[in-house]
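**Student:** What follows is a single structure, and I will ask about it in a moment.
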Amino acid sequence: MDLSITAVELGKKIKDKEISVVEATTAFLDSIEAKEKDIHAFVTVDREGAIKRAEEVQKLIDGGTLTGPLAGVPVAIKDNMCIDGMLTTCSSKILSNFVPTFTATAVEKLQAAGAVIVGKANMDEFAMGSTTETSYYGETKNPWDLERVPGGSSGGSAAAVAAEEVPYALGSDTGGSIRQPAGFCGVTGIKPTYGRVSRYGLIAYGSSLDQIGPLAKDVTDCATVLEIICGKDDRDSTSVKEGGDDFTDALVDDVKGMKIGIPKDYFGKGLDAEVKEAVMAAAKALEAKGAVVEEFDLSLVEYAIPAYYIIASAEASSNLERFDGVKYGYRTEEFSDLHNMYKKTRSEGFGAEVKRRIMLGSFVLSSGYFDAYYMKALRTKALIKQAFDKAFEKYDVILGPVAPTTALKLGESLSDPIKMYLGDIYTVSVNLAGLPGISLPCGYDSKGLPIGLQLLGKHFDEKSIIRAAYAFEQTTEYKRPAFAVERGL
Amino acid sequence: MSKAYETVIGLEVHVELATKTKIFCGCSTAFGGAPNTHTCPVCTGMPGSLPVLNKEVVNKAIAVGLATNCKITQNCKFDRKNYFYPDNPQNYQISQLYYPICRDGKVEIEVEGKKKFIGIHEIHMEEDAGKLIHDPYTDSSLVDFNRSGVPLIEIVSEPDMRSADEVIAYLDKLRMTIQYLGASDCKLNEGSMRADVNLSVREVGESEFGTRTEMKNLNSFKAIARAIENERERQIDLIEAGKEVIQETRRWDDTKEYSYAMRSKEDAQDYRYFPDPDLVPIIISDEWLEEIKNKQPEFREEKKARYQKEYGLPEYDADILTGTKKLADIFEETIALDANPKKVSNWLMVETMRLLKEKEMDAEDITFSAANLAKLIQLTDSQAINSTVAKEVFEKIFEEDIDPDKYVEEKGLKTVNDEGALRATIEQVIADNPQSVEDYRNGKEKAIGFLVGQTMKAMKGKANPGMVNQILKELL
């Protein structure tokens, strides 16, 4: 079968009995087997479980129980979402043996819609990183260029979709972790409004910023997946009941009169010229379709990164305290007493980037520094939200780049964490403000690497960005990554 | 001691709230149960789990706040208190630092006829921790998370108390108020009420406070009183010896009547409190507050006044009966079964109090039912049993909550009203005790008491005492 098929197309073929669920699942599992040596998008592949599940799903489809658009379609789940009975590591040594006893709500909803889970996607350890290089299980490579990173932290999810190992995947986005890897890998990803998708079962990094979202080959797939996973969950008090969740209704090629703002601040120093050119061309394309495009000053852009790293690290330092070797996960072999056990377990179980953020987070919350850092960051967060609210009084959608550059070489940013953090400049403020954002390909640079376009919307107005993204997508053609093309896979 | 010293005391009281389920998950709060059976991913701190607030905890905390004259924080929040310990599954406790649910309250206490207000600084909600169990055979520690996530409120007083008596009066007042609300059973020995004592001393007339210590592990009112006395003396001795009191947390050992330092302020932990991002702010509307206000029960003072007015009980009796919610409840339930209030009060005031004292029990531990007490009163009213037998039957009711009707029937305890049988017994008693008969006839009125006693003994206590007296007098 043609592995470049989208999730919705595959769902239709399954429904029309052109292909069986087992055939489709086997085809993608074979694809994983053939490519993993090079891509390494997965921490866990569950071939046996997936085929067994495919048989069950087929019966439910045949019996008329499962009728949804994604019934029988294989999926990869980022390895920070709990699945009952399946190893869930967060790409960390400290959870190297952790098998949850319950399933994340978003995953449960996909299962109820007939999804066939083929495995758990690689990520930066505890979602801390922008390259998927901080995974304890080894880095994931970009299917467009195996010497480059796929972005992160949902790099495994993005690479698996780009490399056609799965039609779609779930990722999570705390500061750009869905949008940036989608941009680097030439696929589409949505970070929903904070509260749109339940976080229950998502192993927390920055609780006030984390959101689960889809990564797929096009806007239609993403809207379809989001429609399934969204909704108020009694197990997550930060999830909300909110309308405007008929996302697939927004899949129309019509942006006439839509007001699109471009923050001038996003196009200054540090932005790669080729990226800038492609993003501006995308704006032109939307203008040509009748959108009203204008530039404006968003302000406060330079404060987003420090505020983000303070808040996310502060929450992470507390969220990660539970990994102590007492109840589950890795425990050091030898220890002399309780505190020695804590110390050795955590020193051996966490990687360098996780330790860096735990230390940073503990520092900003400590007595005497709390006001100067954490409280100031919270105030900055409120101001950034205000700045967006003000902009959204004028615009329906804000358009800009996802990242300052295309995919970086492996090892390039690990040595310089500040450089890696600065790469998040266009994505983190969206999480601070709790807004929805979509990332989709808008061109390729001279090295042939995909360039990502980012569209931001008002709270709970995913439909406007889906609509704009869908309209823009009609002016482009989906490109298969070099890896798939070269190998004839 | 050359100078006069004043003791300054403030309390931190933890109370376990009597909700059916835990504060952030649906697990049972029932006491006991095999280890780790009242647990779920949330209260064992599993990765990916999230807390969801039990609204009943807020209701109960507000009720306590209103009853203690606090201002209710209508927009309050939870914070995380970070510290590593194995009984704390997330290694942070969800508590309230910045916006506690209640603030600025006060309660009135009375010590030796003097009334006084004790200020309440704040009341906040938090979750309890699990329990560590050391296994000496394997030299390892095990954790039971059944208590993890049980809701607590911490009531922090102002440093307004000056003696152990005031502390006991304050605790008693809190306990009573909370029991009346049904918010907790407040048992110190079972840990559903725990008090930490902050104490400092200063010379009388001094306006600045001295350095304080915090005393933990106080499991009874007596232990609290002893610990206060001991700590007061320890601090005065230090000051008199020209030494400094160190700000520290101390642990009381009640069997040794001695406290030792646990940790000083220098090695106090930095808890890195910050707002819990997993929980949304609690917005308490005026309607919500009003609803709780309307549901507040009749408190002790109101009950006490009503008992005097409605049932004509003496103040002393009304005071004792309302002294614990349990006694007041039994009193009211028995009356509701048509028993005479004064008679009910008598059983509770005399026999119940005697048995409680004898068995070293608290009123909360009473297990007998109002129904059986009412039946017993019915039996005595109809003269089916005499008062001696009634006391014996009551003891059985107190111990095992037996049905007095059945018990009296089975044991054949009904009063003997058969005059022929009585007369024969009395004649025999008179014949056997010529000396007493002689004494009585010589004017020693008291001697008849002995003869009544002998008759009752011969009748195994079942004789009708009125009839015995009457027949005796007649025969003598």
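Residue numbers start at 1 in each chain; chains themselves are named A, B, ... in the order of the structure tokens; ligands are numbered from 1 in the order shown.
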With a distance threshold of 9 Å and counting only C-alpha atoms, extract the residues of chain A near chain B and express them as a PyMOL selection string.
**Tutor:** chain A and resi 80-82+100-102+104+199-204+206-208+234-238+314-315+318-324+326-328+338-339+342+362-367+370+374
**Student:** Give me the residues within 8 Å of Val15 in chain B as a list in words, counting only C-alpha atoms and dropping any in the same chain fewer than 4 places off.
**Tutor:**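 Skipping anything fewer than 4 positions along the chain leaves Leu152, Ile153, Glu154, Ile155, Ser184, Cys186, Ser192, Met193 and Arg194 of chain B.
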**Student:** List the spatial neighbours of range 249-255 of chain A as a list in words - criterion: any atom at most 6 Å away, only C-alpha atoms, same-chain residues fewer than 3 positions off excluded.
**Tutor:**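 Surrounding residues, per the criterion: Asp246, Met258, Gly290, Ala291, Lys463, Arg467, Tyr470 and Ala471 of chain A.
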**Student:** According to DSSP computed on the backbone, where in range 167-293 of chain A is there strand (DSSP E)? Give the residues as a short mmCIF file (atom, residue, chain, number, x, y, z; two decimals) with N, CA and C atoms, in the first residue's frame.
**Tutor:**
```cif
data_model
loop_
_atom_site.label_atom_id
_atom_site.label_comp_id
_atom_site.auth_asym_id
_atom_site.auth_seq_id
_atom_site.Cartn_x
_atom_site.Cartn_y
_atom_site.Cartn_z
N TYR A 168 -0.47 9.12 11.55
CA TYR A 168 -0.56 10.28 12.46
C TYR A 168 -0.04 9.89 13.84
N ALA A 169 0.16 10.90 14.68
CA ALA A 169 0.69 10.65 16.02
C ALA A 169 0.16 11.69 16.98
N LEU A 170 0.23 11.35 18.28
CA LEU A 170 -0.05 12.37 19.29
C LEU A 170 1.27 12.89 19.84
N GLY A 171 1.30 14.20 20.06
CA GLY A 171 2.46 14.81 20.69
C GLY A 171 1.97 15.67 21.85
N SER A 172 2.88 16.35 22.49
CA SER A 172 2.48 17.32 23.52
C SER A 172 3.33 18.56 23.34
N ASP A 173 2.75 19.70 23.72
CA ASP A 173 3.39 20.98 23.43
C ASP A 173 3.38 21.84 24.69
N THR A 188 2.21 18.60 9.72
CA THR A 188 1.30 19.56 10.34
C THR A 188 1.03 19.15 11.78
N GLY A 189 0.98 20.17 12.67
CA GLY A 189 0.69 19.85 14.08
C GLY A 189 -0.12 20.97 14.71
N ILE A 190 -1.02 20.59 15.62
CA ILE A 190 -1.81 21.60 16.32
C ILE A 190 -1.53 21.54 17.82
N LYS A 191 -1.25 22.70 18.39
CA LYS A 191 -1.21 22.85 19.84
C LYS A 191 -2.54 23.51 20.20
N GLN A 211 -0.06 20.90 26.69
CA GLN A 211 -1.27 20.47 25.98
C GLN A 211 -0.92 19.34 25.03
N ILE A 212 -1.83 18.37 24.90
CA ILE A 212 -1.68 17.28 23.95
C ILE A 212 -2.28 17.73 22.62
N GLY A 213 -1.68 17.31 21.52
CA GLY A 213 -2.23 17.66 20.22
C GLY A 213 -1.78 16.68 19.15
N PRO A 214 -2.37 16.79 17.94
CA PRO A 214 -2.06 15.86 16.87
C PRO A 214 -0.90 16.32 15.97
N LEU A 215 -0.20 15.34 15.38
CA LEU A 215 0.75 15.60 14.29
C LEU A 215 0.35 14.67 13.16
N ALA A 216 0.24 15.22 11.93
CA ALA A 216 -0.21 14.42 10.79
C ALA A 216 0.29 15.05 9.51
N LYS A 259 -9.03 38.61 8.91
CA LYS A 259 -7.98 39.57 9.25
C LYS A 259 -6.78 38.84 9.83
N ILE A 260 -5.66 38.99 9.15
CA ILE A 260 -4.45 38.29 9.59
C ILE A 260 -3.38 39.31 9.97
N GLY A 261 -2.87 39.21 11.19
CA GLY A 261 -1.83 40.12 11.64
C GLY A 261 -0.47 39.45 11.61
N ILE A 262 0.54 40.21 11.22
CA ILE A 262 1.91 39.68 11.23
C ILE A 262 2.73 40.51 12.21
N PRO A 263 3.19 39.92 13.30
CA PRO A 263 3.98 40.70 14.27
C PRO A 263 5.35 41.04 13.69
N VAL A 292 -7.22 39.79 4.70
CA VAL A 292 -6.65 41.12 4.90
C VAL A 292 -5.43 40.96 5.79
N VAL A 293 -4.27 41.21 5.21
CA VAL A 293 -3.03 40.96 5.95
C VAL A 293 -2.37 42.28 6.29
#
```
**Student:** Looking at B:Arg306, B:Arg212, B:His124, B:Arg175, which one is nearest to Ala67 in chain B, with distances taken over only C-alpha atoms?
**Tutor:**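 Closest residue, counting only C-alpha atoms: B:Arg175.
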**Student:** Using only C-alpha atoms, determine which residues lie at most 10 Å from Glu56 in chain A, disregarding the query and same-chain residues fewer than 3 positions distant; provide the list as number ranges by chain.
**Tutor:** A: 21-22, 50-53, 59-62, 72, 114, 116
**Student:** Keeping N, CA and C atoms for every residue in the selection just given, could you write it to a file as a PDB file, in the first residue's frame?
**Tutor:**
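Output file selection.pdb follows:
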```pdb
ATOM      1  N   VAL A  21      -7.930  -3.646   8.358  1.00  0.00           N
ATOM      2  CA  VAL A  21      -7.183  -2.987   9.439  1.00  0.00           C
ATOM      3  C   VAL A  21      -5.848  -3.710   9.662  1.00  0.00           C
ATOM      4  N   VAL A  22      -5.890  -5.040   9.597  1.00  0.00           N
ATOM      5  CA  VAL A  22      -4.664  -5.804   9.811  1.00  0.00           C
ATOM      6  C   VAL A  22      -3.651  -5.518   8.690  1.00  0.00           C
ATOM      7  N   ALA A  50      -0.438  -4.609  18.483  1.00  0.00           N
ATOM      8  CA  ALA A  50      -1.086  -3.817  17.441  1.00  0.00           C
ATOM      9  C   ALA A  50      -1.866  -4.716  16.493  1.00  0.00           C
ATOM     10  N   ILE A  51      -1.278  -5.849  16.129  1.00  0.00           N
ATOM     11  CA  ILE A  51      -1.971  -6.742  15.188  1.00  0.00           C
ATOM     12  C   ILE A  51      -3.210  -7.356  15.854  1.00  0.00           C
ATOM     13  N   LYS A  52      -3.069  -7.705  17.133  1.00  0.00           N
ATOM     14  CA  LYS A  52      -4.198  -8.267  17.872  1.00  0.00           C
ATOM     15  C   LYS A  52      -5.332  -7.238  17.959  1.00  0.00           C
ATOM     16  N   ARG A  53      -4.937  -6.030  18.246  1.00  0.00           N
ATOM     17  CA  ARG A  53      -5.904  -4.933  18.351  1.00  0.00           C
ATOM     18  C   ARG A  53      -6.553  -4.670  16.982  1.00  0.00           C
ATOM     19  N   LYS A  59     -13.306  -6.304  13.588  1.00  0.00           N
ATOM     20  CA  LYS A  59     -14.596  -6.917  13.955  1.00  0.00           C
ATOM     21  C   LYS A  59     -15.608  -5.841  14.346  1.00  0.00           C
ATOM     22  N   LEU A  60     -15.125  -4.858  15.117  1.00  0.00           N
ATOM     23  CA  LEU A  60     -16.022  -3.789  15.563  1.00  0.00           C
ATOM     24  C   LEU A  60     -16.493  -2.939  14.395  1.00  0.00           C
ATOM     25  N   ILE A  61     -15.617  -2.768  13.387  1.00  0.00           N
ATOM     26  CA  ILE A  61     -16.018  -2.006  12.192  1.00  0.00           C
ATOM     27  C   ILE A  61     -17.046  -2.830  11.405  1.00  0.00           C
ATOM     28  N   ASP A  62     -16.723  -4.116  11.225  1.00  0.00           N
ATOM     29  CA  ASP A  62     -17.635  -4.998  10.479  1.00  0.00           C
ATOM     30  C   ASP A  62     -18.988  -5.099  11.172  1.00  0.00           C
ATOM     31  N   GLY A  72      -9.579   2.020  12.900  1.00  0.00           N
ATOM     32  CA  GLY A  72      -8.645   1.090  12.258  1.00  0.00           C
ATOM     33  C   GLY A  72      -7.343   1.719  11.804  1.00  0.00           C
ATOM     34  N   GLY A 114     -11.405   3.746  17.717  1.00  0.00           N
ATOM     35  CA  GLY A 114     -10.889   2.667  16.887  1.00  0.00           C
ATOM     36  C   GLY A 114      -9.430   2.777  16.483  1.00  0.00           C
ATOM     37  N   VAL A 116      -5.467   2.150  16.370  1.00  0.00           N
ATOM     38  CA  VAL A 116      -4.595   1.008  16.634  1.00  0.00           C
ATOM     39  C   VAL A 116      -3.215   1.572  17.005  1.00  0.00           C
TER      40      VAL A 116
END
```
**Student:** Enumerate the residues of range 279-424 of chain A with a DSSP assignment of alpha helix (DSSP H), computed from the backbone, and present them as an NGL selection string.
**Tutor:** :A and (279-288 or 301-319 or 338-349 or 352-365 or 376-394 or 417-422)
**Student:** Skipping near chain neighbours, those fewer than 6 positions away, what residues fall within 10 Å of Asn431 in chain A using only C-alpha atoms, listed as a list in words?
**Tutor:**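 Neighbouring residues, sequence-local ones excluded: Asp173, Thr174, Gly175, Gly176, Lys191, Pro192, Thr193, Tyr194, Ser208, Leu209, Asp210, Gln211, Ala304, Tyr308, Lys381, Lys385 and Gly437 of chain A.
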**Student:** Could you state the separation of CA of Gln428 in chain B and CA of Ala458 in chain B in Å, given to one decimal place?
**Tutor:**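 Spanning CA of Gln428 in chain B to CA of Ala458 in chain B is a straight-line distance of 9.6 Å.
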**Student:** One decimal, Å: what's the distance from CA of Leu132 in chain B over to CA of Ala227 in chain B, could you say?
**Tutor:** 25.6 Å
**Student:** Counting only C-alpha atoms, which of B:Glu122, B:Glu110, B:Glu229, B:Glu208 gets nearest to Leu11 in chain B?
**Tutor:**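 With only C-alpha atoms as the atom set, the closest residue is B:Glu122.
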**Student:** Excluding Asp165 in chain B and residues on its chain fewer than 2 positions from it, collect all residues at most 10 Å away from it, counting only C-alpha atoms, and give them as a PDB file with N, CA, C and O atoms, in the first residue's frame.
**Tutor:**
```
ATOM      1  N   GLU B 110     -13.629  30.077  78.321  1.00  0.00           N
ATOM      2  CA  GLU B 110     -13.884  30.491  79.695  1.00  0.00           C
ATOM      3  C   GLU B 110     -13.001  29.650  80.602  1.00  0.00           C
ATOM      4  O   GLU B 110     -13.014  28.424  80.530  1.00  0.00           O
ATOM      5  N   VAL B 111     -12.180  30.313  81.396  1.00  0.00           N
ATOM      6  CA  VAL B 111     -11.344  29.599  82.363  1.00  0.00           C
ATOM      7  C   VAL B 111     -11.575  30.211  83.738  1.00  0.00           C
ATOM      8  O   VAL B 111     -11.409  31.427  83.911  1.00  0.00           O
ATOM      9  N   GLU B 112     -11.974  29.386  84.675  1.00  0.00           N
ATOM     10  CA  GLU B 112     -12.272  29.818  86.035  1.00  0.00           C
ATOM     11  C   GLU B 112     -13.163  31.058  86.062  1.00  0.00           C
ATOM     12  O   GLU B 112     -12.855  32.054  86.731  1.00  0.00           O
ATOM     13  N   MET B 161      -2.877  32.628  73.970  1.00  0.00           N
ATOM     14  CA  MET B 161      -3.099  31.860  75.196  1.00  0.00           C
ATOM     15  C   MET B 161      -1.941  32.045  76.171  1.00  0.00           C
ATOM     16  O   MET B 161      -0.803  32.255  75.758  1.00  0.00           O
ATOM     17  N   ARG B 162      -2.269  31.996  77.457  1.00  0.00           N
ATOM     18  CA  ARG B 162      -1.268  32.301  78.485  1.00  0.00           C
ATOM     19  C   ARG B 162      -1.061  31.171  79.495  1.00  0.00           C
ATOM     20  O   ARG B 162      -0.247  31.291  80.398  1.00  0.00           O
ATOM     21  N   SER B 163      -1.859  30.093  79.360  1.00  0.00           N
ATOM     22  CA  SER B 163      -1.699  28.988  80.313  1.00  0.00           C
ATOM     23  C   SER B 163      -2.195  27.695  79.682  1.00  0.00           C
ATOM     24  O   SER B 163      -2.913  27.720  78.677  1.00  0.00           O
ATOM     25  N   VAL B 167      -5.251  26.784  76.952  1.00  0.00           N
ATOM     26  CA  VAL B 167      -5.033  25.941  75.780  1.00  0.00           C
ATOM     27  C   VAL B 167      -6.070  24.821  75.747  1.00  0.00           C
ATOM     28  O   VAL B 167      -6.695  24.568  74.709  1.00  0.00           O
ATOM     29  N   ILE B 168      -6.279  24.184  76.888  1.00  0.00           N
ATOM     30  CA  ILE B 168      -7.249  23.091  76.944  1.00  0.00           C
ATOM     31  C   ILE B 168      -8.658  23.626  76.658  1.00  0.00           C
ATOM     32  O   ILE B 168      -9.420  23.017  75.908  1.00  0.00           O
ATOM     33  N   ALA B 169      -8.966  24.789  77.233  1.00  0.00           N
ATOM     34  CA  ALA B 169     -10.291  25.379  77.001  1.00  0.00           C
ATOM     35  C   ALA B 169     -10.484  25.697  75.517  1.00  0.00           C
ATOM     36  O   ALA B 169     -11.558  25.458  74.957  1.00  0.00           O
ATOM     37  N   TYR B 170      -9.425  26.203  74.876  1.00  0.00           N
ATOM     38  CA  TYR B 170      -9.489  26.533  73.447  1.00  0.00           C
ATOM     39  C   TYR B 170      -9.681  25.268  72.609  1.00  0.00           C
ATOM     40  O   TYR B 170     -10.542  25.198  71.734  1.00  0.00           O
ATOM     41  N   LEU B 171      -8.894  24.239  72.918  1.00  0.00           N
ATOM     42  CA  LEU B 171      -8.996  22.983  72.168  1.00  0.00           C
ATOM     43  C   LEU B 171     -10.369  22.348  72.358  1.00  0.00           C
ATOM     44  O   LEU B 171     -10.961  21.821  71.414  1.00  0.00           O
ATOM     45  N   PHE B 221      -5.124  15.633  75.919  1.00  0.00           N
ATOM     46  CA  PHE B 221      -5.164  16.918  76.609  1.00  0.00           C
ATOM     47  C   PHE B 221      -4.182  16.913  77.770  1.00  0.00           C
ATOM     48  O   PHE B 221      -3.514  17.908  78.044  1.00  0.00           O
ATOM     49  N   ILE B 224      -0.744  17.477  76.569  1.00  0.00           N
ATOM     50  CA  ILE B 224      -0.569  18.883  76.192  1.00  0.00           C
ATOM     51  C   ILE B 224      -0.279  19.718  77.439  1.00  0.00           C
ATOM     52  O   ILE B 224       0.663  20.524  77.470  1.00  0.00           O
ATOM     53  N   ALA B 225      -1.075  19.482  78.495  1.00  0.00           N
ATOM     54  CA  ALA B 225      -0.894  20.246  79.733  1.00  0.00           C
ATOM     55  C   ALA B 225       0.499  19.992  80.323  1.00  0.00           C
ATOM     56  O   ALA B 225       1.208  20.926  80.716  1.00  0.00           O
ATOM     57  N   ILE B 228       3.259  21.621  78.166  1.00  0.00           N
ATOM     58  CA  ILE B 228       3.302  23.079  78.323  1.00  0.00           C
ATOM     59  C   ILE B 228       4.037  23.434  79.621  1.00  0.00           C
ATOM     60  O   ILE B 228       4.926  24.303  79.634  1.00  0.00           O
TER      61      ILE B 228
END
```
**Student:** Please indicate the distance in Å from CA of Gly312 in chain B to CA of Ala339 in chain B, rounded to one decimal place.
**Tutor:** 14.6 Å
**Student:** Considering only C-alpha atoms, state which residue in the set B:Val204, B:Leu337, B:Met262, B:Met349 is at the smallest distance from Pro314 in chain B.
**Tutor:** B:Met349
**Student:** Let me make sure I understand: among B:Asp362, B:Ile320, B:Gly26, B:Thr334, which one has the smallest atom-to-atom distance to Leu188 in chain B if we use only C-alpha atoms?
**Tutor:** B:Asp362
